[in-house]
Amino acid sequence: METIEKVPYFVIDFDSTFTQVEALDELATISLAGNPNQQQIIQQIIDLTNLGMEGKGSFSENLVKRLQLVKANRSHLAPLIDLLRSKVSKSVKRNKHFFRDYADQIYIVSSGFKEFILPIVTEFGIKEEHVMANTFTFDNDGNIIGCDANNPLSQDKGKIKLMEKLGLTGDVHVIGDGYTDYEIRGAGLASKFYAFTENVSRAAVTAKADSIAPSFDEILFQEKLPMTISYPKNRIKVLLLENIHTDAFKLFSEEGYTVEVIASALEEDELIEKIKDVSIIGIRSKTTITAKVLEHAPKLIAIGAFCIGTNQIDLKAAQMKGVAVFNAPFSNTRSVVELAIGEIIMLYRRTLEKSMQMHAGKWDKSAKNSFEIRGKKLGLVGYGNIGSQLSVIAESLGMVVYYYDIVERLSLGNAKKCSSLKELLNTVDVVSLHVDGRASNKGMFGAKEFNEMRQGSIFLNLARGPVTDLKALSENLKSGKILGAGLDVYEYEPKNNDEEFINDVRGLPNVILTPHIGGSTEEAQSNIGNFVPNRITDYINNGTTLHSVNFPNIQLPELQEGHRFMHLHENQPGILAKINNLFAKHNINILAQYLKTNEQVGYVITDIAKIYDKEVLDELKEIPGTIRFRTLY
Ligand SMILES: NC(=O)C1=CN([C@@H]2O[C@H](COP(=O)(O)OP(=O)(O)OC[C@H]3O[C@@H](n4cnc5c(N)ncnc54)[C@H](O)[C@@H]3O)[C@@H](O)[C@H]2O)C=CC1
Ligand SMILES: O=C(O)CCC(=O)C(=O)O
């Protein structure tokens with residue numbers, strides 16, 4: 001711990017800084033309960049508070065007006081204090097130890113009232129005599145009728161007057177959300193002003209700040225003081241591309257990260273430029289993360305694939321750079337399945353063709369080449385999450401399901417396993433591809449496979465574009481061998497909605513073309529927008545890698561006490577022993593230890609006691625084969 005002499009005095013505001021709320025606004029909500037004009041009066045109070053915080057108008061007149069509007073009684077203070085206790089700012093709560101450990105250096109300077117400030121801040125170890133605030137005056141019935149007019153804090157430029165009177169000798173750093181907090185610095189009574197924006201950010205105040213602090217962690221980080229978390233979260237930059245659902249923005253922002261959103265995908269060179277200071281990137285299927293991009297991402301901790309497929313990411317390169325990749329393996333499964341079912345029906349009934357004829361004024365009432373799906377044989381190529389879900393629903397509609405997969409899968413319902421792709425193609429009426437986008441699947445379905453299909457079949461590809469040879473499909477559609485097709489994915493897909501879709505399949509008969517929207521439903525996107533950020537924050541906050549597609553998967557218990565060390569290394573013999581030898585050498589007590597490996601890497605998580613020799617950190621990083629080392633708390 002640094003010596004106390006080096007630590008400046010911290011002058012901290014109460015309302016909207018120490019707590020998330022303005023106490024007088026909250027007091028009014030309590031005191032005016034049941035008053036028919038409650039909302040209107042509270043709004044007047046909020047407007048007056050904001051004027052004061054922005055440094056507009058006379059502060060003393062503003063305070064008197066607010067107290068008159070609040071019309072509170074002593075009996076309203078207890079419920080107010082209870083509420084404030086639950087509204088202490090999150091990062092203040094998180095760093096409770098700081099207020100206790102540095103109590104000699106901490107002052108609360110507030111234009112609020114001691115009656116509700118003292119019970120809150122003294123619970124954090126702040127000294128009663130270091131709390132500078134107003135006091136209420138009451139009438140005989142306990143009604144609040146005003147405040148002590150002699151207290152400088154009830155007057156204009158009150159905080160300046162108070163600070164002059166306090167006469168702190170030494171460095172003073174002010175932390176607050178209001179203009180009156182800045183004024184202490186403006187008057188030369190402090191050397192630094194942090195605009196605290198965790199709860200409210202006012203342009204007039206941030207413009208005057210020496211530093212903007214979105215949390216107390218940021219202040220402690222800048223002051224080089226001990227923090228509860230290892231790194232201020234606002235310094236973690238998140239980049240979300242490709243129209244990712246707004247819930248992801250919300251979740252990452254609530255976590256305290258700084259989030260940037262771009263609606264489209266980025267090309268490699270644009271990405272290389274953008275990713276330099278990014279810690280978390282969120283993409284969908286259109287952004288390719290190559291080894292070259294990863295070389296330019298020194299801060300990258302995690303990649304979120306806000307979809308199922310991860311073929312667009314160099315998973316191995318990410319792993320060897322210690323970047324964890326997470327996807328949403330079943331959040332859009334149902335949406336793809338529903339689209340496939342809909343398309344099979346539409347294609348068998350030639351609905352699109354007939355609809356287009358109708359729009360052109362042609363009435364063609366005929367049953368020719370229109371069929372029910374009941375009793376038809378559906379062949380699923382790839383029997384993973386989507387294939388097997390489609391199997392169940394198709395069967396419930398009366399289809400007879402066959403499947404072919406390169407790995408053993410549990411047959412659901414009455415689905416029949418085929419031992420080869422050829423067997424499946426020779427048997428079924430509808431072929432639907434649900435394989436993943438691994439490199440070896442490129443071109444897996446071409447002239448030979450269409451040739452094996454039965455006359456008058458239906459073909460669907462809602463998996464990945466490169467899997468199918470569209471030239472071969474087009475020839476088979478034109479010859480009538482294939483009755484109809486549904487395509488959602490293409491080898492080249494436009495980068496954004498402004499680029500034209502250019503492809504030979506345009507204009508082919510009885511072909512449903514959709515712009516890679518198999519997973520684009522409100523439900524799926526919202527599911528994904530929640531699933532992926534939660535996996536990433538679990539990893540960052542706890543080390544848990546469950547659902548990572550490139551790290552060994554491990555679900556860790558929450559760390560209760562102490563520190564967690566996470567060591568990712570190349571999977572070579574002897575590394576665990578080297579880690580533990582270092583702990584022994586530094587006399588470090590291991591509380592718990594977990595190890596999970598895959599073929600390439602090992603992931604060792606060690607929980608240790610609170611006090612430890614910091615030298616071990618560098619030594620752990622230097623163990624040969626170390627890919628990434630992270631500490632928690
Ligand atoms: N159109 C869209 O918007 C969407 C497309 N997808 C695509 O669908 C794919 C499948 O998704 P899930 O079923 O969730 O994946 P999954 O990983 O659960 O299933 C894929 C299955 O395909 C099998 N497979 C791979 N190559 C094969 C081959 N050559 N022959 C036979 N079987 C093979 C695998 O063994 C596995 O069982 C995703 O990888 C993605 O590319 C996924 C979601 C939305
Ligand atoms: O919705 C997307 O951007 C991609 C959907 C997809 O292909 C997938 O989830 O793998």
# chains A, B, ... in the order shown; residues from 1 in each chain; ligands from 1

$ residues_around --residues "region 564-576 of chain A" --least-positions-apart "2" --cutoff "7 Å" --atoms "only C-alpha atoms" --output "ChimeraX atom specification"
/A:322,562,578-580,599-608,625-632

$ write_last_selection --atoms "N, CA and C atoms" --output "PDB file, in the first residue's frame"
ATOM      1  N   GLY A 322      -4.732 -16.155 -27.365  1.00  0.00           N
ATOM      2  CA  GLY A 322      -5.421 -16.031 -26.082  1.00  0.00           C
ATOM      3  C   GLY A 322      -6.718 -15.253 -26.182  1.00  0.00           C
ATOM      4  N   GLY A 562     -10.171 -13.406  -2.010  1.00  0.00           N
ATOM      5  CA  GLY A 562      -8.874 -13.638  -2.635  1.00  0.00           C
ATOM      6  C   GLY A 562      -8.820 -13.211  -4.092  1.00  0.00           C
ATOM      7  N   LYS A 578       5.153 -26.195 -13.203  1.00  0.00           N
ATOM      8  CA  LYS A 578       5.914 -24.938 -13.135  1.00  0.00           C
ATOM      9  C   LYS A 578       5.095 -23.854 -12.433  1.00  0.00           C
ATOM     10  N   ILE A 579       3.800 -23.804 -12.736  1.00  0.00           N
ATOM     11  CA  ILE A 579       2.930 -22.798 -12.096  1.00  0.00           C
ATOM     12  C   ILE A 579       2.942 -23.036 -10.582  1.00  0.00           C
ATOM     13  N   ASN A 580       2.729 -24.275 -10.201  1.00  0.00           N
ATOM     14  CA  ASN A 580       2.624 -24.569  -8.769  1.00  0.00           C
ATOM     15  C   ASN A 580       3.957 -24.420  -8.042  1.00  0.00           C
ATOM     16  N   GLU A 599      -6.615 -30.033 -27.344  1.00  0.00           N
ATOM     17  CA  GLU A 599      -5.391 -30.520 -27.993  1.00  0.00           C
ATOM     18  C   GLU A 599      -4.281 -29.478 -28.012  1.00  0.00           C
ATOM     19  N   GLN A 600      -4.670 -28.224 -28.166  1.00  0.00           N
ATOM     20  CA  GLN A 600      -3.643 -27.182 -28.350  1.00  0.00           C
ATOM     21  C   GLN A 600      -3.273 -26.429 -27.071  1.00  0.00           C
ATOM     22  N   VAL A 601      -4.264 -26.175 -26.211  1.00  0.00           N
ATOM     23  CA  VAL A 601      -3.979 -25.292 -25.063  1.00  0.00           C
ATOM     24  C   VAL A 601      -4.462 -25.879 -23.742  1.00  0.00           C
ATOM     25  N   GLY A 602      -3.862 -25.369 -22.672  1.00  0.00           N
ATOM     26  CA  GLY A 602      -4.301 -25.714 -21.332  1.00  0.00           C
ATOM     27  C   GLY A 602      -4.738 -24.433 -20.636  1.00  0.00           C
ATOM     28  N   TYR A 603      -5.759 -24.542 -19.793  1.00  0.00           N
ATOM     29  CA  TYR A 603      -6.299 -23.367 -19.101  1.00  0.00           C
ATOM     30  C   TYR A 603      -6.302 -23.709 -17.607  1.00  0.00           C
ATOM     31  N   VAL A 604      -5.422 -23.041 -16.850  1.00  0.00           N
ATOM     32  CA  VAL A 604      -5.326 -23.312 -15.418  1.00  0.00           C
ATOM     33  C   VAL A 604      -5.830 -22.090 -14.657  1.00  0.00           C
ATOM     34  N   ILE A 605      -6.762 -22.334 -13.757  1.00  0.00           N
ATOM     35  CA  ILE A 605      -7.318 -21.234 -12.965  1.00  0.00           C
ATOM     36  C   ILE A 605      -6.980 -21.536 -11.512  1.00  0.00           C
ATOM     37  N   THR A 606      -6.342 -20.565 -10.852  1.00  0.00           N
ATOM     38  CA  THR A 606      -5.934 -20.781  -9.464  1.00  0.00           C
ATOM     39  C   THR A 606      -6.485 -19.654  -8.600  1.00  0.00           C
ATOM     40  N   ASP A 607      -7.227 -20.019  -7.566  1.00  0.00           N
ATOM     41  CA  ASP A 607      -7.698 -19.023  -6.598  1.00  0.00           C
ATOM     42  C   ASP A 607      -6.725 -19.024  -5.433  1.00  0.00           C
ATOM     43  N   ILE A 608      -6.245 -17.815  -5.097  1.00  0.00           N
ATOM     44  CA  ILE A 608      -5.253 -17.736  -4.021  1.00  0.00           C
ATOM     45  C   ILE A 608      -5.701 -16.734  -2.953  1.00  0.00           C
ATOM     46  N   GLY A 625       5.774 -20.989 -23.042  1.00  0.00           N
ATOM     47  CA  GLY A 625       4.512 -21.575 -23.514  1.00  0.00           C
ATOM     48  C   GLY A 625       3.289 -20.789 -23.071  1.00  0.00           C
ATOM     49  N   THR A 626       3.521 -19.754 -22.219  1.00  0.00           N
ATOM     50  CA  THR A 626       2.376 -18.954 -21.757  1.00  0.00           C
ATOM     51  C   THR A 626       1.777 -18.189 -22.937  1.00  0.00           C
ATOM     52  N   ILE A 627       0.455 -18.276 -23.101  1.00  0.00           N
ATOM     53  CA  ILE A 627      -0.214 -17.524 -24.172  1.00  0.00           C
ATOM     54  C   ILE A 627      -0.822 -16.254 -23.595  1.00  0.00           C
ATOM     55  N   ARG A 628      -1.526 -16.399 -22.493  1.00  0.00           N
ATOM     56  CA  ARG A 628      -2.129 -15.221 -21.861  1.00  0.00           C
ATOM     57  C   ARG A 628      -2.259 -15.479 -20.371  1.00  0.00           C
ATOM     58  N   PHE A 629      -2.017 -14.431 -19.599  1.00  0.00           N
ATOM     59  CA  PHE A 629      -2.180 -14.543 -18.152  1.00  0.00           C
ATOM     60  C   PHE A 629      -3.042 -13.371 -17.700  1.00  0.00           C
ATOM     61  N   ARG A 630      -4.075 -13.667 -16.923  1.00  0.00           N
ATOM     62  CA  ARG A 630      -4.993 -12.635 -16.457  1.00  0.00           C
ATOM     63  C   ARG A 630      -5.240 -12.805 -14.972  1.00  0.00           C
ATOM     64  N   THR A 631      -5.440 -11.695 -14.249  1.00  0.00           N
ATOM     65  CA  THR A 631      -5.810 -11.814 -12.841  1.00  0.00           C
ATOM     66  C   THR A 631      -7.193 -11.203 -12.653  1.00  0.00           C
ATOM     67  N   LEU A 632      -7.890 -11.701 -11.656  1.00  0.00           N
ATOM     68  CA  LEU A 632      -9.202 -11.141 -11.341  1.00  0.00           C
ATOM     69  C   LEU A 632      -9.156 -10.585  -9.937  1.00  0.00           C
TER      70      LEU A 632
END

$ residues_near_ligand --ligand "ligand 1" --cutoff "7 Å" --atoms "only C-alpha atoms and all ligand atoms" --output "PyMOL selection string"
chain A and resi 307-309+329-330+332-333+336+381-387+404-407+434-437+441+444+462-464+488-489+516-520

$ atom_distance --atom1 "CA of Glu353 (chain A)" --atom2 "CA of Lys478 (chain A)"
14.8 Å

$ residues_around --residues "Ala394 (chain A)" --least-positions-apart "4" --cutoff "10 Å" --atoms "only C-alpha atoms" --output "list in words"
Val337, Glu338, Ala340, Ile341, Ile344, Ile373, Arg374, Lys376, Lys377, Leu378, Ser388, Gln389, Leu390, Gly398, Met399, Val400 and Val401 of chain A

$ write_last_selection --atoms "N, CA and C atoms" --output "tab-separated table (two decimals), in the first residue's frame"
chain	number	residue	atom	x	y	z
A	337	VAL	N	-35.37	-23.19	-38.72
A	337	VAL	CA	-36.25	-24.34	-38.93
A	337	VAL	C	-37.61	-23.88	-39.49
A	338	GLU	N	-38.16	-22.82	-38.91
A	338	GLU	CA	-39.48	-22.35	-39.36
A	338	GLU	C	-39.41	-21.87	-40.81
A	340	ALA	N	-37.34	-22.93	-43.09
A	340	ALA	CA	-37.19	-24.12	-43.95
A	340	ALA	C	-38.56	-24.79	-44.17
A	341	ILE	N	-39.31	-24.95	-43.10
A	341	ILE	CA	-40.63	-25.59	-43.21
A	341	ILE	C	-41.53	-24.77	-44.16
A	344	ILE	N	-40.51	-25.21	-47.78
A	344	ILE	CA	-40.85	-26.51	-48.38
A	344	ILE	C	-42.32	-26.46	-48.84
A	373	ILE	N	-47.09	-31.64	-48.41
A	373	ILE	CA	-45.81	-32.13	-47.87
A	373	ILE	C	-46.02	-33.43	-47.08
A	374	ARG	N	-47.28	-33.66	-46.69
A	374	ARG	CA	-47.58	-34.88	-45.94
A	374	ARG	C	-47.10	-36.12	-46.70
A	376	LYS	N	-44.23	-36.82	-47.71
A	376	LYS	CA	-43.00	-36.64	-48.51
A	376	LYS	C	-41.78	-36.98	-47.64
A	377	LYS	N	-40.72	-37.39	-48.32
A	377	LYS	CA	-39.50	-37.78	-47.59
A	377	LYS	C	-38.55	-36.59	-47.54
A	378	LEU	N	-38.22	-36.20	-46.32
A	378	LEU	CA	-37.30	-35.07	-46.13
A	378	LEU	C	-35.92	-35.61	-45.79
A	388	SER	N	-31.75	-31.54	-36.45
A	388	SER	CA	-32.58	-32.40	-35.60
A	388	SER	C	-33.87	-31.69	-35.18
A	389	GLN	N	-33.81	-30.36	-35.00
A	389	GLN	CA	-35.03	-29.61	-34.66
A	389	GLN	C	-36.00	-29.63	-35.86
A	390	LEU	N	-35.45	-29.49	-37.05
A	390	LEU	CA	-36.28	-29.54	-38.26
A	390	LEU	C	-36.90	-30.93	-38.41
A	398	GLY	N	-46.15	-34.61	-40.75
A	398	GLY	CA	-46.43	-35.78	-41.58
A	398	GLY	C	-45.34	-36.14	-42.55
A	399	MET	N	-44.19	-35.47	-42.49
A	399	MET	CA	-43.10	-35.84	-43.39
A	399	MET	C	-42.36	-37.06	-42.84
A	400	VAL	N	-41.68	-37.77	-43.71
A	400	VAL	CA	-40.89	-38.92	-43.28
A	400	VAL	C	-39.43	-38.48	-43.36
A	401	VAL	N	-38.73	-38.55	-42.22
A	401	VAL	CA	-37.41	-37.90	-42.16
A	401	VAL	C	-36.26	-38.90	-42.27

$ residues_around --residues "Thr537 (chain A)" --least-positions-apart "2" --cutoff "12 Å" --atoms "only C-alpha atoms" --output "MDAnalysis selection string"
chainID A and resid 233 236 238 248 251:257 279:280 301:304 324 326 530:535 539:546

$ atom_distance --atom1 "CA of Gln555 (chain A)" --atom2 "CA of Asn598 (chain A)"
15.1 Å

$ residues_around --residues "region 12-15 of chain A" --least-positions-apart "6" --cutoff "7 Å" --atoms "only C-alpha atoms" --output "PyMOL selection string"
chain A and resi 21-23+107-110+174-176

$ select_by_dssp --residues "region 320-389 of chain A" --states "strand (DSSP E)" --output "list in words"
Ala324, Val325, Phe326, Lys377, Leu378, Gly379, Leu380 and Val381 of chain A

$ atom_distance --atom1 "CA of Gly375 (chain A)" --atom2 "CA of Thr351 (chain A)"
19.6 Å
